[in-house]
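Down below is the structure, laid out as structure tokens.
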Amino acid sequence: MNRFAGCLARTLLCLTALIGWARGSTADTVEVGSQVKVDGKIIRQADEGQAANVIVQLDPEISVAFPMSRVRRTTSSGDEELAWYQQELAKVGDDAELHYQLARACKGKGLNAQGDYHYRRAVAIDPRHSKARAALRFARDGLGLNAYEEQQRKRGLINAGGGWHVPDAWAAEQASEQATVESNRWIKELTKLKTLFYRKGRNSEDALAQIKAIDDPLATAAFVRAYKDSSQERAEPAAMRQLYLQKLADFRTPLAIKTLVEAGVYERDANLRDFALEALQKDGRASAVATYLPIIRSEKKKPSEVQAALRALRYFPDPELWREYVDALVTTHTEVRAPGPGFQVGKDASGAAGLGMGGNKPKVFKQQRQNSDALILLQEIAPDANFGYNKAQWRQYFVQRLNGSPSQLRRD
């Protein structure tokens, strides 16, 4: 579990624990992030020589530690406010209005837990106390009037980020937002390190070492951008571009696999293209095949694209794909060409010959092309046969083998 995931898990644990927290006399508040506030009793803050944590006691049996890096601010009402509260508590008795007024005073002094309690006591004593009900944001749930907050918590929701959320969904959303923040941070960090490296100064080698040492999958987007930028007009050295691909192979995130799959077809450097395909053999085979097969099936693809996809598929031979390989032996490609100027020769209604200009429509051309890589794939899965580019004979061969023993189409 990385540092962020640990922080998030502890925050979610704390919020979940708050759902069943009985109100006590504590009045400390910890602000976690920008919108989440946790009430409890701060029993320890980070001291020199100790871990950088704030420990909050939610009830006598539950305490939660928050990393200081996640804590925005802590506040405490102190003994003076609690002494005032104990004094005022003795005056309210069973008077709904006095409980309501005490609740407002508690809120003003930061005693939020006590304030909520006295709002509820006011309504319990006088269910028609409109101001107390409004303060608690009452809602009907079909069984009578219940406090809106209690109703939401009974539904398994938590109050965070300015609204009520399913805990798992809220955690996933926070994780996504934090991942975006970390990803953008890595983009800036890698850009800075690359700049230091290419200056060839005294910090150049150290910058390269730092790039090689990056092992955080959240840096995927940074290396994807670096790789794609490196193939532009000011191309970087092949060794550096291979380092970017190596990092993506190490991270093995969906975005990393997608980029390697694209490199396996569209990378112009043959060595880097082979490097990407070899990396996909370890982790990414299914994604590669699922991407390359539609290319060899499409008539709209250029012959060069079909050739590149077939060449890439040679890294992932599969006997069960024999039909795809047979169909790709000879492919048809459609090209639409715009009309050009020039003259047309024709006859008018009387039969006289004449010349005309323009009026041409776009022309559709179809061409067929033999693909040697498809033939190599077939020979790879059926080394005892060779029917050249004759699709009918290849189909007959595989059908006969299927009728004889399907297992014959598989190779160890």
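Residue numbers start at 1 in each chain; chains themselves are named A, B, ... in the order of the structure tokens; ligands are numbered from 1 in the order shown.
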Excluding region 189-199 of chain A and residues on its chain fewer than 4 positions from it, collect all residues at most 7 Å away from it, counting only C-alpha atoms, and give them as a PyMOL selection string. chain A and resi 185+203-205+207-208+211+222
Just list as a PyMOL selection string whatever in region 172-411 of chain A DSSP marks as strand (DSSP E). chain A and resi 330-337+343-347+353-357+363-370
